[in-house]
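Asker: This is input25.txt (compact mmCIF, C-alpha atoms).
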# COMPACT_ATOMS: atom_id res chain seq x y z
CA MET A 2 88.05 75.85 96.67
CA LEU A 3 88.22 79.02 98.69
CA SER A 4 89.69 78.51 102.11
CA PRO A 5 87.60 79.62 105.12
CA LEU A 6 88.21 83.20 106.20
CA PRO A 7 89.90 83.83 109.56
CA ASP A 8 87.66 84.65 112.52
CA ALA A 9 89.05 88.18 112.78
CA ILE A 10 88.10 88.88 109.18
CA GLN A 11 84.67 87.36 109.66
CA GLU A 12 84.03 89.71 112.58
CA SER A 13 84.88 92.84 110.60
CA VAL A 14 83.88 91.97 107.04
CA ILE A 15 81.38 89.13 106.86
CA THR A 16 77.87 90.42 107.13
CA ARG A 17 75.59 89.19 109.89
CA PRO A 18 72.02 89.67 108.61
CA ARG A 19 70.35 90.35 111.95
CA GLU A 20 72.62 93.37 112.44
CA GLU A 21 72.01 94.85 108.98
CA LEU A 22 71.03 98.49 109.47
CA VAL A 23 69.03 100.49 106.95
CA LEU A 24 68.75 104.03 108.26
CA THR A 25 72.45 104.81 108.72
CA TRP A 26 74.23 108.12 108.28
CA ALA A 27 76.03 106.74 105.24
CA ASN A 28 72.75 105.71 103.57
CA ILE A 29 71.20 109.07 104.44
CA VAL A 30 74.08 110.86 102.70
CA THR A 31 73.73 108.56 99.68
CA ALA A 32 70.01 109.39 99.49
CA ILE A 33 70.69 113.12 99.84
CA ARG A 34 73.42 112.89 97.21
CA THR A 35 71.06 111.18 94.79
CA VAL A 36 68.25 113.70 95.22
CA ILE A 37 70.48 116.79 95.10
CA CYS A 38 72.48 115.65 92.09
CA VAL A 39 69.42 114.58 90.10
CA ALA A 40 68.01 118.05 90.77
CA LEU A 41 71.26 119.73 89.66
CA PHE A 42 71.49 117.65 86.50
CA ALA A 43 67.83 118.39 85.76
CA VAL A 44 68.52 122.13 86.14
CA ALA A 45 71.47 121.73 83.78
CA THR A 46 69.22 120.04 81.24
CA VAL A 47 66.49 122.68 81.43
CA ARG A 48 68.92 125.60 81.31
CA HIS A 49 71.25 123.94 78.80
CA SER A 50 74.03 124.76 81.24
CA PRO A 51 77.33 122.83 81.24
CA THR A 52 78.25 124.77 84.39
CA TRP A 53 75.33 123.33 86.39
CA ASN A 54 76.22 119.91 85.01
CA LEU A 55 79.77 120.23 86.36
CA VAL A 56 78.42 121.47 89.70
CA GLY A 57 76.31 118.32 89.89
CA LEU A 58 79.37 116.19 89.14
CA GLY A 59 81.38 117.94 91.85
CA VAL A 60 78.63 117.47 94.45
CA TYR A 61 78.32 113.82 93.42
CA TRP A 62 82.03 113.17 93.91
CA ALA A 63 82.19 115.03 97.24
CA LEU A 64 79.20 113.26 98.77
CA ASP A 65 80.30 109.91 97.35
CA ILE A 66 83.55 110.26 99.28
CA LEU A 67 81.64 111.39 102.38
CA ASP A 68 79.19 108.49 102.51
CA GLY A 69 82.01 105.96 102.18
CA TYR A 70 83.96 107.71 104.92
CA LEU A 71 80.97 107.75 107.26
CA ALA A 72 80.20 104.09 106.64
CA ARG A 73 83.73 103.08 107.61
CA ARG A 74 84.22 105.63 110.40
CA LEU A 75 80.93 104.84 112.13
CA LYS A 76 81.19 101.12 111.39
CA GLN A 77 77.92 101.26 109.44
CA GLU A 78 78.96 99.36 106.33
CA THR A 79 76.13 97.16 105.08
CA ARG A 80 75.39 95.14 102.00
CA LEU A 81 72.24 97.17 101.44
CA GLY A 82 74.24 100.38 101.66
CA ALA A 83 76.79 99.08 99.18
CA GLN A 84 74.06 98.20 96.68
CA PHE A 85 72.37 101.57 97.19
CA ASP A 86 75.68 103.34 96.54
CA ILE A 87 76.33 101.31 93.37
CA LEU A 88 72.86 102.04 91.95
CA SER A 89 73.10 105.73 92.82
CA ASP A 90 76.46 105.93 91.04
CA ARG A 91 74.95 104.49 87.85
CA LEU A 92 71.97 106.83 87.87
CA LEU A 93 74.00 109.98 88.45
CA VAL A 94 76.84 109.17 86.06
CA ALA A 95 74.33 108.30 83.32
CA PHE A 96 72.46 111.58 83.88
CA PHE A 97 75.68 113.59 83.80
CA TYR A 98 77.01 112.04 80.60
CA MET A 99 73.69 112.23 78.78
CA ASN A 100 73.74 115.96 79.45
CA HIS A 101 77.38 116.23 78.42
CA LEU A 102 76.77 114.33 75.20
CA ALA A 103 73.94 116.69 74.26
CA TRP A 104 76.48 119.54 74.16
CA HIS A 105 79.45 117.62 72.74
CA HIS A 106 78.32 115.34 69.95
CA GLU A 107 81.92 114.71 68.92
CA LEU A 108 82.35 112.62 72.09
CA VAL A 109 79.60 110.14 71.23
CA LEU A 110 81.98 107.20 70.67
CA PRO A 111 84.12 107.51 73.83
CA ILE A 112 81.06 108.29 75.98
CA ALA A 113 79.20 105.28 74.54
CA LEU A 114 82.21 103.04 75.26
CA PHE A 115 82.64 104.46 78.75
CA MET A 116 78.96 103.99 79.54
CA PHE A 117 79.06 100.43 78.22
CA GLN A 118 81.85 99.47 80.59
CA PHE A 119 80.46 101.43 83.55
CA MET A 120 76.75 100.61 83.26
CA LEU A 121 77.16 96.97 82.24
CA LEU A 122 80.59 95.44 82.88
CA ASP A 123 81.53 97.43 85.99
CA HIS A 124 78.01 97.15 87.40
CA PHE A 125 78.09 93.36 87.05
CA LEU A 126 81.53 93.14 88.66
CA SER A 127 80.61 95.50 91.48
CA ASN A 128 77.70 93.29 92.53
CA GLN A 129 79.73 90.07 92.65
CA PHE A 130 80.57 90.66 96.31
CA LEU A 131 77.01 89.47 97.00
CA ARG A 132 78.05 85.93 96.08
CA TRP A 133 80.27 85.95 99.15
CA ARG A 134 79.34 87.28 102.55
CA LEU A 135 81.29 90.47 102.08
CA LEU A 136 80.00 93.88 103.03
CA SER A 137 81.03 95.59 99.79
CA PRO A 138 83.37 95.34 96.78
CA ASN A 139 86.00 97.08 98.92
CA TYR A 140 86.71 93.72 100.57
CA PHE A 141 86.95 91.68 97.39
CA TYR A 142 90.69 91.29 97.92
CA LEU A 143 89.72 88.48 100.29
CA VAL A 144 88.38 86.58 97.30
CA GLU A 145 90.61 87.64 94.38
CA PRO A 146 93.29 90.30 95.06
CA THR A 147 94.02 91.04 91.39
CA ILE A 148 90.39 91.83 90.56
CA TRP A 149 90.24 94.07 93.62
CA ARG A 150 93.44 95.92 92.68
CA LEU A 151 92.17 96.54 89.15
CA ASN A 152 88.72 97.74 90.18
CA TRP A 153 88.34 98.87 93.81
CA SER A 154 91.75 99.80 95.19
CA VAL A 155 92.30 103.54 95.70
CA LEU A 156 94.43 103.83 92.56
CA ALA A 157 91.91 101.85 90.51
CA LYS A 158 89.02 104.07 91.60
CA ILE A 159 90.97 107.19 90.69
CA GLY A 160 92.04 105.76 87.36
CA ASN A 161 88.73 104.21 86.37
CA SER A 162 86.68 107.35 86.91
CA GLY A 163 89.12 110.23 87.14
CA ILE A 164 91.21 109.78 83.99
CA ALA A 165 88.24 109.07 81.73
CA THR A 166 86.33 112.03 83.16
CA LEU A 167 89.27 114.38 82.68
CA LEU A 168 89.58 113.36 79.03
CA LEU A 169 85.84 113.47 78.37
CA VAL A 170 84.93 116.60 80.29
CA ILE A 171 87.94 118.83 80.74
CA GLY A 172 90.16 117.83 77.85
CA ARG A 173 87.36 116.93 75.43
CA ALA A 174 89.88 114.84 73.48
CA PRO A 175 87.83 112.29 71.50
CA LEU A 176 90.75 110.11 70.42
CA LEU A 177 92.44 109.92 73.83
CA ALA A 178 89.08 109.44 75.56
CA THR A 179 88.25 106.59 73.17
CA VAL A 180 91.57 104.91 73.92
CA ALA A 181 91.00 105.32 77.66
CA SER A 182 87.49 103.86 77.41
CA VAL A 183 88.75 100.87 75.40
CA MET A 184 91.44 100.28 78.03
CA LEU A 185 88.80 100.34 80.76
CA ILE A 186 86.73 97.79 78.83
CA ALA A 187 89.83 95.58 78.53
CA ILE A 188 90.38 95.80 82.30
CA LYS A 189 86.76 94.83 82.99
CA VAL A 190 86.85 91.91 80.53
CA TYR A 191 90.11 90.67 82.04
CA SER A 192 88.58 90.96 85.51
CA LEU A 193 85.54 88.97 84.35
CA VAL A 194 87.77 86.22 82.97
CA ARG A 195 89.56 85.99 86.31
CA LEU A 196 86.24 86.08 88.16
CA PHE A 197 84.88 83.11 86.22
CA ARG A 198 87.93 81.11 87.29
CA VAL A 199 87.26 81.69 90.98
CA ALA A 200 85.63 78.75 92.74
CA SER A 201 81.98 79.23 93.57
CA PRO A 202 81.40 80.14 97.24
CA GLU A 203 78.12 78.25 97.57
CA SER A 204 79.72 75.17 99.06
CA GLU A 205 81.61 77.29 101.60
CA TRP A 206 78.52 78.86 103.11
CA SER A 207 75.13 77.63 104.16
CA ALA A 208 72.07 79.10 102.44
CA PRO A 209 71.25 82.57 103.76
CA ARG A 210 68.41 82.85 106.22
CA CYS A 211 65.61 85.37 106.23
CA ALA A 212 66.87 88.39 108.09
CA ASP A 213 65.19 90.73 110.50
CA VAL A 214 66.10 94.20 109.28
CA ARG A 215 66.53 96.63 112.14
CA TRP A 216 65.86 100.30 111.43
CA ALA A 217 68.21 102.48 113.40
CA SER A 218 70.38 105.54 113.12
CA ARG A 219 73.17 107.02 115.13
Let me see the file written as structure tokens.

Answerer:
Amino acid sequence: MLSPLPDAIQESVITRPREELVLTWANIVTAIRTVICVALFAVATVRHSPTWNLVGLGVYWALDILDGYLARRLKQETRLGAQFDILSDRLLVAFFYMNHLAWHHELVLPIALFMFQFMLLDHFLSNQFLRWRLLSPNYFYLVEPTIWRLNWSVLAKIGNSGIATLLLVIGRAPLLATVASVMLIAIKVYSLVRLFRVASPESEWSAPRCADVRWASR
């Protein structure tokens, strides 16, 4: 079974429901990011413009980095914010690649494989932090370090999104992009296998209580 987490870690990582904030600067940036990028991708669709599509991708990446930075810097990390960020990522990435596929039919296989791993496998893995009282997947190393290193460490985040995007968007290399997407699927499947071997946390924690959500901003 999982051993209890040290008090110091509990103070900084384990969520305390009565202190869960909703209207934080990080969540505001995530909301702004979602609205702006959906608008940019919609413009790209209407104008049949790959340039606007790439602008939307650039804004998405920049604001995605910013909301994570603000959450950590202002100590506003919340489970709600983590889920909001994960869902926003799926919406925006799906919109971007649907546009991209409309202009590059030759990439249908690698894009389909990439979307399968990102929308299904990665989405499932990213939400597993909810089984433990962690604030986000960024702290999953406390549960299973290998899964964290493969999926949410800095290098993993760069590799999982950056390499595939470079091959699919800039390089437009169908064969290499297909290989990269298959490798990502293999990483996710391996991570799932390791996840299913981790002891269930239910016996370590009492059932969650109904929380009073406090609306606040700083």

Asker: Select, from A:Val44, A:Ile33, A:Leu176, A:Val199, the residue with the minimum atom-to-atom distance to Leu110 of chain A, counting all atoms listed in the file.

Answerer: A:Leu176

Asker: Could you name the residues that touch Trp104 of chain A at 12 Å or less, counting only C-alpha atoms, but leaving out those on the same chain fewer than 2 positions away, as a ChimeraX atom specification?

Answerer: /A:45-46,49-52,54,97-102,106-109,169-170,173

Asker: Looking at A:Ala27, A:Ala32, A:Ala40, A:Ala187, which one is nearest to Phe117 of chain A, with distances taken over all atoms listed in the file?

Answerer: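 Of the candidates, the smallest distance to Phe117 of chain A is held by A:Ala187.
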
Asker: Give as a list of chain:residue names every residue, naming chains and numbers as the document does, that has an atom within 12 Å of (82.1, 104.0, 107.3), counting all atoms listed in the file.

Answerer: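 Taken together, the residues in range are A:Ser13, A:Thr25, A:Trp26, A:Ala27, A:Asn28, A:Val30, A:Asp65, A:Ile66, A:Leu67, A:Asp68, A:Gly69, A:Tyr70, A:Leu71, A:Ala72, A:Arg73, A:Arg74, A:Leu75, A:Lys76, A:Gln77, A:Glu78, A:Thr79, A:Gly82, A:Ala83, A:Leu136, A:Ser137, A:Asn139.
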
Asker: For atom CA of Val39 of chain A and atom CA of Pro138 of chain A, quote the distance in Å rounded to one decimal.

Answerer: 24.7 Å

Asker: Could you tell me which of A:Ile186, A:Ile164, A:Ala95, A:Leu193 comes closest to Ser127 of chain A if we count only C-alpha atoms?

Answerer: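 Ranking A:Ile186, A:Ile164, A:Ala95, A:Leu193 by distance to Ser127 of chain A, first place goes to A:Leu193.
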
Asker: For atom CA of Gln84 of chain A and atom CA of Tyr61 of chain A, quote the distance in Å rounded to one decimal.

Answerer: 16.5 Å

Asker: Could you write out as JSON the box around segment 161-177 of chain A (axis-aligned, all atoms listed in the file, 8 Å on each side), with centre and edge lengths in Å to one decimal?

Answerer:
{"center_x": 88.7, "center_y": 111.5, "center_z": 78.8, "size_x": 23.5, "size_y": 30.6, "size_z": 32.7}

Asker: Taking only C-alpha atoms into account, name the residue in A:Leu168, A:Met116, A:Leu24, A:Ile188 that is nearest to Arg150 of chain A.

Answerer: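 With only C-alpha atoms as the atom set, the closest residue is A:Ile188.
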
Asker: Counting all atoms listed in the file, which residue out of A:Val155, A:Ala103, A:Ala200, A:Ala63 sits closest to Val47 of chain A?

Answerer: A:Ala103

Asker: Find, counting only C-alpha atoms, the residue in A:Leu58, A:Val23, A:Thr147, A:Lys158 that gets nearest to Arg195 of chain A.

Answerer: A:Thr147

Asker: Using only C-alpha atoms, which protein or nucleic acid residues come within 9 Å of His124 of chain A? Drop anything in the same chain fewer than 6 positions from it, and give the result as a list in words.

Answerer: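 Once the adjacent positions are removed, what remains is Ile87, Leu88, Arg91 and Gln118 of chain A.
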
Asker: In Å, how far is it from atom CA of Arg132 of chain A to atom CA of Ser201 of chain A?

Answerer: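 Separating atom CA of Arg132 of chain A from atom CA of Ser201 of chain A is a distance of 8.2 Å.
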
Asker: Please tell me which residues are no farther than 7 Å from (87.1, 95.4, 90.4) in the file, counting all atoms listed in the file, and write them as a list in words.

Answerer: Leu126, Ser127, Ile148, Trp149, Arg150, Leu151, Asn152, Trp153 and Ser192 of chain A

Asker: What's the 9 Å shell around Arg80 of chain A, counting only C-alpha atoms, without same-chain residues fewer than 4 positions away, as a list in words?

Answerer: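 Surrounding residues, per the criterion: Thr16, Glu21, Gln84, Phe85, Phe130, Leu131, Arg134, Leu135, Leu136 and Ser137 of chain A.
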
Asker: Restricted to N, CA and C atoms, what does segment 163-191 of chain A look like when written out as a PDB file, in the first residue's frame?

Answerer:
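Final file, part.pdb:
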ATOM      1  N   GLY A 163       5.775  18.794 -28.221  1.00  0.00           N
ATOM      2  CA  GLY A 163       6.646  19.523 -29.126  1.00  0.00           C
ATOM      3  C   GLY A 163       7.112  18.737 -30.334  1.00  0.00           C
ATOM      4  N   ILE A 164       7.641  17.534 -30.102  1.00  0.00           N
ATOM      5  CA  ILE A 164       8.189  16.746 -31.213  1.00  0.00           C
ATOM      6  C   ILE A 164       7.100  16.380 -32.205  1.00  0.00           C
ATOM      7  N   ALA A 165       5.973  15.883 -31.707  1.00  0.00           N
ATOM      8  CA  ALA A 165       4.884  15.496 -32.596  1.00  0.00           C
ATOM      9  C   ALA A 165       4.381  16.695 -33.396  1.00  0.00           C
ATOM     10  N   THR A 166       4.272  17.846 -32.739  1.00  0.00           N
ATOM     11  CA  THR A 166       3.791  19.045 -33.426  1.00  0.00           C
ATOM     12  C   THR A 166       4.765  19.499 -34.496  1.00  0.00           C
ATOM     13  N   LEU A 167       6.056  19.449 -34.201  1.00  0.00           N
ATOM     14  CA  LEU A 167       7.056  19.825 -35.202  1.00  0.00           C
ATOM     15  C   LEU A 167       6.961  18.945 -36.444  1.00  0.00           C
ATOM     16  N   LEU A 168       6.781  17.648 -36.237  1.00  0.00           N
ATOM     17  CA  LEU A 168       6.696  16.719 -37.365  1.00  0.00           C
ATOM     18  C   LEU A 168       5.394  16.878 -38.136  1.00  0.00           C
ATOM     19  N   LEU A 169       4.313  17.154 -37.412  1.00  0.00           N
ATOM     20  CA  LEU A 169       3.002  17.251 -38.055  1.00  0.00           C
ATOM     21  C   LEU A 169       2.763  18.607 -38.714  1.00  0.00           C
ATOM     22  N   VAL A 170       3.297  19.649 -38.106  1.00  0.00           N
ATOM     23  CA  VAL A 170       2.976  20.999 -38.579  1.00  0.00           C
ATOM     24  C   VAL A 170       4.096  21.610 -39.408  1.00  0.00           C
ATOM     25  N   ILE A 171       5.295  21.594 -38.858  1.00  0.00           N
ATOM     26  CA  ILE A 171       6.402  22.249 -39.560  1.00  0.00           C
ATOM     27  C   ILE A 171       7.024  21.327 -40.604  1.00  0.00           C
ATOM     28  N   GLY A 172       7.363  20.103 -40.170  1.00  0.00           N
ATOM     29  CA  GLY A 172       8.001  19.187 -41.091  1.00  0.00           C
ATOM     30  C   GLY A 172       7.051  18.545 -42.080  1.00  0.00           C
ATOM     31  N   ARG A 173       5.791  18.349 -41.664  1.00  0.00           N
ATOM     32  CA  ARG A 173       4.796  17.663 -42.480  1.00  0.00           C
ATOM     33  C   ARG A 173       5.386  16.385 -43.077  1.00  0.00           C
ATOM     34  N   ALA A 174       5.977  15.566 -42.188  1.00  0.00           N
ATOM     35  CA  ALA A 174       6.593  14.300 -42.586  1.00  0.00           C
ATOM     36  C   ALA A 174       5.695  13.169 -42.119  1.00  0.00           C
ATOM     37  N   PRO A 175       4.824  12.639 -42.974  1.00  0.00           N
ATOM     38  CA  PRO A 175       3.844  11.634 -42.555  1.00  0.00           C
ATOM     39  C   PRO A 175       4.453  10.407 -41.894  1.00  0.00           C
ATOM     40  N   LEU A 176       5.527   9.880 -42.466  1.00  0.00           N
ATOM     41  CA  LEU A 176       6.121   8.654 -41.929  1.00  0.00           C
ATOM     42  C   LEU A 176       6.715   8.897 -40.544  1.00  0.00           C
ATOM     43  N   LEU A 177       7.532   9.950 -40.410  1.00  0.00           N
ATOM     44  CA  LEU A 177       8.148  10.244 -39.122  1.00  0.00           C
ATOM     45  C   LEU A 177       7.099  10.616 -38.077  1.00  0.00           C
ATOM     46  N   ALA A 178       6.075  11.361 -38.504  1.00  0.00           N
ATOM     47  CA  ALA A 178       5.007  11.741 -37.583  1.00  0.00           C
ATOM     48  C   ALA A 178       4.226  10.518 -37.122  1.00  0.00           C
ATOM     49  N   THR A 179       4.030   9.553 -38.016  1.00  0.00           N
ATOM     50  CA  THR A 179       3.339   8.313 -37.637  1.00  0.00           C
ATOM     51  C   THR A 179       4.142   7.532 -36.617  1.00  0.00           C
ATOM     52  N   VAL A 180       5.448   7.450 -36.848  1.00  0.00           N
ATOM     53  CA  VAL A 180       6.328   6.752 -35.898  1.00  0.00           C
ATOM     54  C   VAL A 180       6.281   7.440 -34.540  1.00  0.00           C
ATOM     55  N   ALA A 181       6.349   8.771 -34.536  1.00  0.00           N
ATOM     56  CA  ALA A 181       6.320   9.517 -33.286  1.00  0.00           C
ATOM     57  C   ALA A 181       4.999   9.302 -32.546  1.00  0.00           C
ATOM     58  N   SER A 182       3.894   9.287 -33.280  1.00  0.00           N
ATOM     59  CA  SER A 182       2.581   9.087 -32.659  1.00  0.00           C
ATOM     60  C   SER A 182       2.460   7.686 -32.073  1.00  0.00           C
ATOM     61  N   VAL A 183       2.992   6.695 -32.788  1.00  0.00           N
ATOM     62  CA  VAL A 183       2.967   5.313 -32.282  1.00  0.00           C
ATOM     63  C   VAL A 183       3.806   5.208 -31.010  1.00  0.00           C
ATOM     64  N   MET A 184       4.947   5.882 -30.993  1.00  0.00           N
ATOM     65  CA  MET A 184       5.790   5.876 -29.792  1.00  0.00           C
ATOM     66  C   MET A 184       5.068   6.520 -28.611  1.00  0.00           C
ATOM     67  N   LEU A 185       4.346   7.598 -28.867  1.00  0.00           N
ATOM     68  CA  LEU A 185       3.579   8.240 -27.796  1.00  0.00           C
ATOM     69  C   LEU A 185       2.501   7.302 -27.263  1.00  0.00           C
ATOM     70  N   ILE A 186       1.836   6.581 -28.166  1.00  0.00           N
ATOM     71  CA  ILE A 186       0.823   5.608 -27.737  1.00  0.00           C
ATOM     72  C   ILE A 186       1.465   4.539 -26.863  1.00  0.00           C
ATOM     73  N   ALA A 187       2.653   4.072 -27.259  1.00  0.00           N
ATOM     74  CA  ALA A 187       3.360   3.053 -26.474  1.00  0.00           C
ATOM     75  C   ALA A 187       3.686   3.567 -25.080  1.00  0.00           C
ATOM     76  N   ILE A 188       4.109   4.832 -24.989  1.00  0.00           N
ATOM     77  CA  ILE A 188       4.408   5.431 -23.683  1.00  0.00           C
ATOM     78  C   ILE A 188       3.158   5.484 -22.819  1.00  0.00           C
ATOM     79  N   LYS A 189       2.036   5.880 -23.407  1.00  0.00           N
ATOM     80  CA  LYS A 189       0.790   5.975 -22.639  1.00  0.00           C
ATOM     81  C   LYS A 189       0.314   4.592 -22.184  1.00  0.00           C
ATOM     82  N   VAL A 190       0.417   3.605 -23.063  1.00  0.00           N
ATOM     83  CA  VAL A 190      -0.010   2.248 -22.690  1.00  0.00           C
ATOM     84  C   VAL A 190       0.875   1.711 -21.574  1.00  0.00           C
ATOM     85  N   TYR A 191       2.184   1.933 -21.697  1.00  0.00           N
ATOM     86  CA  TYR A 191       3.105   1.496 -20.642  1.00  0.00           C
ATOM     87  C   TYR A 191       2.776   2.192 -19.322  1.00  0.00           C
TER      88      TYR A 191
END
